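Raw contents of input.tsv, TSV, C-alpha atoms:
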chain	number	residue	atom	x	y	z
A	1	MET	CA	-25.77	60.63	-27.97
A	2	ASN	CA	-24.48	61.20	-24.45
A	3	ASP	CA	-22.78	57.80	-24.48
A	4	GLN	CA	-21.09	58.66	-27.78
A	5	ALA	CA	-19.92	62.00	-26.40
A	6	GLU	CA	-18.49	60.35	-23.29
A	7	LYS	CA	-16.67	57.76	-25.40
A	8	LEU	CA	-15.21	60.54	-27.55
A	9	ARG	CA	-14.01	62.45	-24.49
A	10	ALA	CA	-12.50	59.31	-23.00
A	11	ARG	CA	-10.65	58.64	-26.26
A	12	LEU	CA	-9.37	62.24	-26.41
A	13	LEU	CA	-8.09	62.04	-22.84
A	14	GLU	CA	-6.43	58.71	-23.57
A	15	GLU	CA	-4.74	60.21	-26.62
A	16	SER	CA	-3.58	63.18	-24.56
A	17	SER	CA	-1.98	60.78	-22.06
A	18	LYS	CA	0.30	59.52	-24.83
A	19	ARG	CA	1.55	62.96	-25.82
A	20	PRO	CA	4.86	64.39	-24.55
A	21	MET	CA	4.75	65.55	-20.93
A	22	SER	CA	4.20	69.19	-20.01
A	23	LYS	CA	5.35	70.26	-16.59
A	24	THR	CA	2.66	72.37	-14.94
A	25	ILE	CA	3.63	75.10	-12.47
A	26	ALA	CA	1.40	77.52	-10.55
A	27	VAL	CA	3.06	80.78	-9.50
A	28	VAL	CA	1.40	82.11	-6.34
A	29	SER	CA	1.91	84.72	-3.65
A	30	GLY	CA	0.36	85.50	-0.32
A	31	LYS	CA	-0.37	89.08	-1.31
A	32	GLY	CA	-0.05	91.39	-4.29
A	33	GLY	CA	2.87	93.64	-5.08
A	34	VAL	CA	5.66	91.13	-4.51
A	35	GLY	CA	6.65	90.78	-8.18
A	36	LYS	CA	4.79	87.56	-8.98
A	37	SER	CA	3.84	88.38	-12.59
A	38	ASN	CA	7.26	89.87	-13.31
A	39	PHE	CA	8.84	86.64	-12.10
A	40	SER	CA	6.41	84.49	-14.12
A	41	LEU	CA	7.15	86.40	-17.32
A	42	ASN	CA	10.93	86.57	-17.03
A	43	PHE	CA	11.24	83.00	-15.77
A	44	SER	CA	9.16	81.80	-18.74
A	45	ILE	CA	11.29	83.76	-21.20
A	46	SER	CA	14.45	82.34	-19.62
A	47	LEU	CA	13.13	78.80	-20.12
A	48	CYS	CA	12.43	79.67	-23.76
A	49	GLN	CA	15.99	80.90	-24.16
A	50	LYS	CA	17.15	77.47	-23.02
A	51	GLY	CA	15.16	75.90	-25.85
A	52	ASP	CA	12.03	74.92	-23.94
A	53	LYS	CA	8.55	75.53	-25.31
A	54	VAL	CA	6.54	77.49	-22.75
A	55	LEU	CA	2.89	78.53	-22.46
A	56	LEU	CA	2.25	81.22	-19.86
A	57	PHE	CA	-1.37	81.47	-18.72
A	58	ASP	CA	-2.44	84.72	-17.03
A	59	MET	CA	-4.98	83.72	-14.38
A	60	ASP	CA	-4.99	86.95	-12.38
A	61	ILE	CA	-8.70	87.85	-12.43
A	62	GLY	CA	-9.23	91.32	-13.85
A	63	MET	CA	-5.68	92.29	-12.84
A	64	GLY	CA	-3.64	90.50	-15.48
A	65	ASN	CA	-0.66	92.61	-16.48
A	66	LEU	CA	1.55	90.38	-18.60
A	67	ASP	CA	0.72	92.50	-21.67
A	68	ILE	CA	1.77	95.65	-19.82
A	69	LEU	CA	5.07	94.16	-18.70
A	70	MET	CA	5.83	93.24	-22.32
A	71	GLY	CA	4.54	96.47	-23.84
A	72	ARG	CA	2.09	94.52	-25.98
A	73	THR	CA	-1.63	94.38	-26.61
A	74	SER	CA	-3.17	90.96	-27.16
A	75	THR	CA	-5.91	90.55	-29.74
A	76	TYR	CA	-7.72	88.05	-27.52
A	77	SER	CA	-7.91	87.03	-23.88
A	78	ILE	CA	-9.27	83.98	-22.11
A	79	ALA	CA	-12.67	85.75	-21.98
A	80	ASP	CA	-12.94	85.33	-25.76
A	81	PHE	CA	-12.89	81.57	-25.33
A	82	PHE	CA	-16.10	81.74	-23.31
A	83	GLU	CA	-17.87	84.81	-24.68
A	84	LYS	CA	-17.04	84.51	-28.39
A	85	ASN	CA	-16.52	80.77	-28.69
A	86	ARG	CA	-12.89	81.14	-29.78
A	87	SER	CA	-10.72	78.07	-29.46
A	88	LEU	CA	-7.87	78.09	-26.95
A	89	ASN	CA	-5.46	77.79	-29.84
A	90	ASP	CA	-6.92	80.97	-31.35
A	91	ILE	CA	-6.28	83.07	-28.25
A	92	VAL	CA	-2.64	82.10	-27.73
A	93	ALA	CA	-0.50	85.19	-28.32
A	94	GLU	CA	3.19	85.36	-29.22
A	95	GLY	CA	5.64	86.89	-26.78
A	96	PRO	CA	9.40	87.47	-26.97
A	97	ASN	CA	11.90	84.65	-27.58
A	98	GLY	CA	9.23	82.20	-28.70
A	99	LEU	CA	7.12	82.51	-25.56
A	100	ARG	CA	3.42	81.81	-26.02
A	101	TYR	CA	0.90	83.22	-23.61
A	102	ILE	CA	-2.82	83.58	-22.95
A	103	ALA	CA	-3.81	87.01	-21.72
A	104	GLY	CA	-5.98	87.37	-18.64
A	105	GLY	CA	-9.19	89.24	-18.11
A	106	THR	CA	-12.09	87.72	-16.25
A	107	GLY	CA	-10.97	84.22	-17.14
A	108	LEU	CA	-11.06	82.47	-13.80
A	109	SER	CA	-14.49	83.80	-12.88
A	110	HIS	CA	-15.77	82.47	-16.21
A	111	ILE	CA	-14.17	79.07	-15.78
A	112	VAL	CA	-15.71	78.28	-12.41
A	113	LYS	CA	-19.21	79.14	-13.69
A	114	LEU	CA	-19.10	76.78	-16.65
A	115	GLU	CA	-21.79	74.29	-17.45
A	116	ASP	CA	-20.76	70.64	-17.73
A	117	GLU	CA	-20.49	70.75	-21.52
A	118	GLN	CA	-18.31	73.85	-21.33
A	119	ILE	CA	-16.03	72.22	-18.77
A	120	SER	CA	-15.52	69.31	-21.13
A	121	ARG	CA	-14.75	71.66	-24.03
A	122	PHE	CA	-12.30	73.70	-21.97
A	123	THR	CA	-10.40	70.73	-20.51
A	124	GLU	CA	-10.27	68.87	-23.83
A	125	GLU	CA	-8.90	71.87	-25.71
A	126	LEU	CA	-6.43	72.59	-22.91
A	127	ALA	CA	-5.24	68.97	-22.99
A	128	ALA	CA	-4.66	69.20	-26.75
A	129	LEU	CA	-2.86	72.54	-26.39
A	130	MET	CA	-0.56	71.33	-23.62
A	131	GLY	CA	0.84	68.67	-25.91
A	132	ASN	CA	2.77	71.42	-27.71
A	133	TYR	CA	4.71	72.66	-24.67
A	134	ASP	CA	7.39	71.57	-22.23
A	135	TYR	CA	6.08	73.90	-19.53
A	136	VAL	CA	2.64	75.35	-18.86
A	137	ILE	CA	2.92	78.07	-16.22
A	138	PHE	CA	-0.12	79.60	-14.52
A	139	ASP	CA	0.37	83.11	-13.15
A	140	MET	CA	-2.27	83.04	-10.42
A	141	GLY	CA	-3.84	85.98	-8.60
A	142	ALA	CA	-2.55	86.97	-5.17
A	143	GLY	CA	-3.76	84.86	-2.27
A	144	ILE	CA	-5.63	81.57	-2.40
A	145	THR	CA	-9.33	81.61	-3.25
A	146	GLU	CA	-11.74	78.72	-3.61
A	147	GLU	CA	-11.66	79.29	-7.36
A	148	SER	CA	-7.89	79.55	-7.78
A	149	ALA	CA	-7.33	76.51	-5.54
A	150	ARG	CA	-8.86	74.27	-8.22
A	151	PHE	CA	-6.03	75.13	-10.59
A	152	ILE	CA	-3.31	75.25	-7.95
A	153	LEU	CA	-4.18	71.79	-6.62
A	154	SER	CA	-4.03	70.36	-10.14
A	155	VAL	CA	-0.46	71.35	-11.00
A	156	GLN	CA	2.72	69.39	-10.53
A	157	GLU	CA	4.68	72.11	-8.71
A	158	ILE	CA	4.04	75.43	-6.98
A	159	ALA	CA	6.39	78.43	-7.04
A	160	VAL	CA	5.76	80.78	-4.12
A	161	ILE	CA	6.97	84.37	-4.50
A	162	THR	CA	7.74	86.41	-1.39
A	163	THR	CA	10.01	89.23	-0.24
A	164	PRO	CA	12.06	89.58	2.97
A	165	GLU	CA	9.40	91.88	4.48
A	166	PRO	CA	7.81	90.28	7.57
A	167	THR	CA	4.26	90.84	6.29
A	168	SER	CA	5.14	89.23	2.97
A	169	ILE	CA	6.65	86.21	4.71
A	170	THR	CA	3.58	85.85	6.93
A	171	ASP	CA	1.25	86.05	3.93
A	172	ALA	CA	3.34	83.52	2.00
A	173	TYR	CA	3.19	81.11	4.93
A	174	SER	CA	-0.57	81.59	5.19
A	175	ALA	CA	-1.02	80.79	1.49
A	176	MET	CA	1.15	77.68	1.73
A	177	LYS	CA	-0.72	76.53	4.82
A	178	GLN	CA	-4.02	76.81	2.93
A	179	ILE	CA	-2.64	74.72	0.09
A	180	HIS	CA	-1.02	72.21	2.45
A	181	LEU	CA	-4.30	71.58	4.26
A	182	LEU	CA	-5.91	70.72	0.93
A	183	ASP	CA	-3.00	68.71	-0.51
A	184	ASP	CA	0.25	67.99	1.32
A	185	SER	CA	2.03	66.40	-1.64
A	186	ILE	CA	2.58	69.23	-4.16
A	187	PRO	CA	6.12	70.59	-3.67
A	188	PHE	CA	6.74	74.24	-2.78
A	189	TYR	CA	9.58	76.10	-4.53
A	190	ILE	CA	10.33	79.44	-2.88
A	191	VAL	CA	11.51	82.53	-4.75
A	192	LEU	CA	12.85	85.38	-2.62
A	193	ASN	CA	12.36	88.66	-4.46
A	194	ARG	CA	13.91	92.07	-3.72
A	195	ALA	CA	16.59	90.64	-1.46
A	196	GLN	CA	19.39	92.98	-0.36
A	197	GLY	CA	22.04	90.41	-1.16
A	198	GLU	CA	22.44	86.64	-1.01
A	199	LYS	CA	22.66	86.52	2.78
A	200	GLU	CA	19.33	88.24	3.32
A	201	GLY	CA	17.70	85.90	0.81
A	202	GLN	CA	19.16	82.78	2.43
A	203	ASP	CA	18.25	83.98	5.93
A	204	THR	CA	14.68	84.74	4.85
A	205	PHE	CA	14.29	81.35	3.22
A	206	LYS	CA	15.62	79.63	6.33
A	207	ARG	CA	13.09	81.42	8.54
A	208	LEU	CA	10.22	80.53	6.26
A	209	SER	CA	11.29	76.93	5.71
A	210	ASP	CA	11.85	76.41	9.46
A	211	VAL	CA	8.29	77.61	10.19
A	212	LEU	CA	6.87	75.33	7.50
A	213	LYS	CA	8.74	72.36	8.89
A	214	ARG	CA	7.91	73.11	12.52
A	215	PHE	CA	4.18	73.76	12.19
A	216	LEU	CA	3.25	71.79	9.07
A	217	GLY	CA	5.95	69.14	8.97
A	218	ARG	CA	6.53	70.32	5.42
A	219	GLU	CA	9.74	70.58	3.43
A	220	SER	CA	10.25	73.42	0.96
A	221	PHE	CA	12.92	74.16	-1.61
A	222	LEU	CA	14.69	77.36	-2.59
A	223	LEU	CA	14.30	77.95	-6.31
A	224	GLY	CA	16.28	81.15	-6.19
A	225	ILE	CA	16.91	84.68	-4.92
A	226	LEU	CA	16.12	87.76	-7.00
A	227	PRO	CA	18.16	90.78	-5.87
A	228	ASP	CA	16.68	94.25	-5.45
A	229	ASP	CA	18.06	95.32	-8.83
A	230	ARG	CA	17.56	98.83	-10.23
A	231	TYR	CA	17.40	97.36	-13.73
A	232	ILE	CA	14.10	95.68	-12.85
A	233	GLN	CA	12.42	99.02	-12.15
A	234	GLN	CA	13.91	100.51	-15.32
A	235	ALA	CA	12.67	97.57	-17.39
A	236	VAL	CA	9.15	97.79	-15.93
A	237	LYS	CA	8.96	101.50	-16.76
A	238	ARG	CA	10.02	100.78	-20.34
A	239	GLN	CA	7.68	97.77	-20.55
A	240	ILE	CA	10.50	95.40	-21.43
A	241	PRO	CA	11.10	92.10	-19.58
A	242	PHE	CA	14.18	92.67	-17.44
A	243	ILE	CA	15.89	89.55	-18.76
A	244	LEU	CA	15.85	91.22	-22.20
A	245	TYR	CA	16.44	94.77	-20.98
A	246	HIS	CA	19.86	93.98	-19.47
A	247	GLU	CA	20.81	90.34	-19.83
A	248	LYS	CA	23.91	90.67	-17.67
A	249	SER	CA	22.18	92.43	-14.78
A	250	PRO	CA	22.12	90.67	-11.38
A	251	ALA	CA	18.38	89.99	-11.71
A	252	ALA	CA	18.73	88.52	-15.21
A	253	LYS	CA	21.56	86.24	-14.07
A	254	ALA	CA	19.49	85.14	-11.08
A	255	ILE	CA	16.45	84.25	-13.19
A	256	GLN	CA	18.64	82.40	-15.68
A	257	HIS	CA	20.09	80.39	-12.81
A	258	MET	CA	16.57	79.46	-11.68
A	259	ALA	CA	15.66	78.29	-15.18
A	260	ASP	CA	18.84	76.18	-15.31
A	261	LYS	CA	18.01	74.77	-11.90
A	262	MET	CA	14.49	73.86	-12.99
A	263	GLY	CA	15.78	72.03	-16.04
A	264	CYS	CA	18.56	70.18	-14.20
A	265	ARG	CA	16.52	68.78	-11.32
A	266	PRO	CA	16.24	64.99	-11.19
A	267	ALA	CA	12.95	63.42	-12.19
A	268	ASP	CA	10.41	63.12	-9.41
A	269	SER	CA	8.46	60.12	-8.20
A	270	ALA	CA	5.95	60.59	-11.00
A	271	ALA	CA	8.61	59.95	-13.65
A	272	GLY	CA	7.24	57.99	-16.55
A	273	LYS	CA	3.72	59.28	-16.05
A	274	ASN	CA	2.11	61.94	-18.19
A	275	HIS	CA	1.90	65.07	-16.07
A	276	SER	CA	-0.36	66.78	-18.61
A	277	TYR	CA	-2.87	63.97	-18.34
A	278	GLN	CA	-2.68	64.06	-14.54
A	279	PHE	CA	-3.24	67.81	-14.52
A	280	ILE	CA	-6.25	67.66	-16.85
A	281	SER	CA	-7.79	64.77	-14.91
A	282	LYS	CA	-7.44	66.61	-11.59
A	283	LEU	CA	-8.69	69.92	-12.98
A	284	LYS	CA	-11.70	68.32	-14.61
A	285	LYS	CA	-12.56	66.59	-11.35
A	286	PHE	CA	-12.26	69.81	-9.32
A	287	LEU	CA	-14.34	71.81	-11.81
A	288	PHE	CA	-17.11	69.22	-11.95
A	289	GLU	CA	-17.18	69.14	-8.14
A	290	ARG	CA	-17.26	72.93	-7.80
A	291	GLN	CA	-20.87	73.04	-6.60
Kindly transcribe the structure held in the file into structure tokens.
Amino acid sequence: MNDQAEKLRARLLEESSKRPMSKTIAVVSGKGGVGKSNFSLNFSISLCQKGDKVLLFDMDIGMGNLDILMGRTSTYSIADFFEKNRSLNDIVAEGPNGLRYIAGGTGLSHIVKLEDEQISRFTEELAALMGNYDYVIFDMGAGITEESARFILSVQEIAVITTPEPTSITDAYSAMKQIHLLDDSIPFYIVLNRAQGEKEGQDTFKRLSDVLKRFLGRESFLLGILPDDRYIQQAVKRQIPFILYHEKSPAAKAIQHMADKMGCRPADSAAGKNHSYQFISKLKKFLFERQ
């Protein structure tokens, strides 16, 4: 029976490797309160507006607030997958502009405590689900924990959110250093939030990238600069994504530019390979080795 189950899983993974590629992105920050979830949501919606199919996965343990930012209440969260045996497809909720998302809860703490059979079920269903999307974006909790690292190290790219505040920059560097020491190949894309103009954003990125290069020998890339825009605060209060609240605001234009930039970048060295399959294979390995 075990042999048959293993053969079935191998066949499912092989089939998933032939499906269209999903680009996987983890959105991280060194500390909370820097606008990480707001970026994840509005960036995902902007990709949808460009015609991409996006799944946004709220992985912020017990602090997930994607529902709040959208003014919605999800019927299910990732906890229902584990506690009520719902399928991943069942718990996907519909957001604005065709966005699909999985609400948070205590999801990550459940995932890292799975038995082997549950790990196989989770990774197989996730592999099947990813075949429906161009992007799968994981909104991670603040900081890097042993648990969150398993997902972060599995993705294709990492978006790091920081602000020009010195403490925020220091925390962002610390988080990137932790990731770098575990895997020095996953590219870092920096997003400068709450910048008082383009110059402050560029100067902040230069300081951070110079430190990364000097002490870690690591290159980083500027995904974009989000200005300190009053429309963001207004949108949050009204529980409307700011890209929909005022589409011509400076923040909305900046996030649209980042989505355009993401879609226009040349293919990386893994071109021709199935990134979804690579992600699932890495994640399964990390989860099985969690003990």
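If you look at CA of Arg194 (chain A) and CA of Ala93 (chain A), they are 29.3 Å away from each other.
Here the question is which of A:Thr162, A:Phe151, A:Val236, A:Leu287 gets nearest to Ala195 (chain A) using all atoms listed in the file, and that residue is A:Thr162.
Of the listed residues A:Leu208, A:Val160, A:Leu88, A:Ala127, the one whose atoms come nearest to Ile186 (chain A) is A:Val160, with distances taken using all atoms listed in the file.
Among A:Asp210, A:Glu200, A:Asp183, A:Glu247, the residue with the shortest atom-to-atom distance to Asp228 (chain A), counting only C-alpha atoms, is A:Glu200.
Between CA of Asp58 (chain A) and CA of Leu126 (chain A) the interatomic distance comes to 14.1 Å.
For the pair CA of Leu192 (chain A) and CA of Ala252 (chain A), the separation is 14.2 Å.
In terms of minimum interatomic distance to Gln256 (chain A), A:Ser46 ranks closest within A:Ser46, A:Ser29, A:Thr145, A:Thr24, counting all atoms listed in the file.
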Fix up region 125-138 of chain A with N, CA and C atoms, then write it as a tab-separated table (two decimals), in the frame of the given file.
chain	number	residue	atom	x	y	z
A	125	GLU	N	-9.74	70.99	-24.90
A	125	GLU	CA	-8.90	71.87	-25.71
A	125	GLU	C	-7.59	72.19	-24.99
A	126	LEU	N	-7.65	72.33	-23.68
A	126	LEU	CA	-6.43	72.59	-22.91
A	126	LEU	C	-5.50	71.39	-22.98
A	127	ALA	N	-6.06	70.19	-22.90
A	127	ALA	CA	-5.24	68.97	-22.99
A	127	ALA	C	-4.53	68.90	-24.34
A	128	ALA	N	-5.26	69.23	-25.41
A	128	ALA	CA	-4.66	69.20	-26.75
A	128	ALA	C	-3.56	70.27	-26.87
A	129	LEU	N	-3.82	71.44	-26.32
A	129	LEU	CA	-2.86	72.54	-26.39
A	129	LEU	C	-1.58	72.23	-25.63
A	130	MET	N	-1.72	71.61	-24.47
A	130	MET	CA	-0.56	71.33	-23.62
A	130	MET	C	0.44	70.39	-24.28
A	131	GLY	N	-0.05	69.59	-25.22
A	131	GLY	CA	0.84	68.67	-25.91
A	131	GLY	C	1.93	69.35	-26.71
A	132	ASN	N	1.79	70.67	-26.92
A	132	ASN	CA	2.77	71.42	-27.71
A	132	ASN	C	3.87	72.05	-26.88
A	133	TYR	N	3.81	71.89	-25.54
A	133	TYR	CA	4.71	72.66	-24.67
A	133	TYR	C	5.43	71.77	-23.66
A	134	ASP	N	6.64	72.23	-23.30
A	134	ASP	CA	7.39	71.57	-22.23
A	134	ASP	C	6.93	72.05	-20.86
A	135	TYR	N	6.56	73.32	-20.78
A	135	TYR	CA	6.08	73.90	-19.53
A	135	TYR	C	4.79	74.66	-19.78
A	136	VAL	N	3.83	74.50	-18.88
A	136	VAL	CA	2.64	75.35	-18.86
A	136	VAL	C	2.63	76.00	-17.48
A	137	ILE	N	2.77	77.33	-17.47
A	137	ILE	CA	2.92	78.07	-16.22
A	137	ILE	C	1.70	78.96	-16.02
A	138	PHE	N	1.08	78.83	-14.85
A	138	PHE	CA	-0.12	79.60	-14.52
A	138	PHE	C	0.27	80.72	-13.55
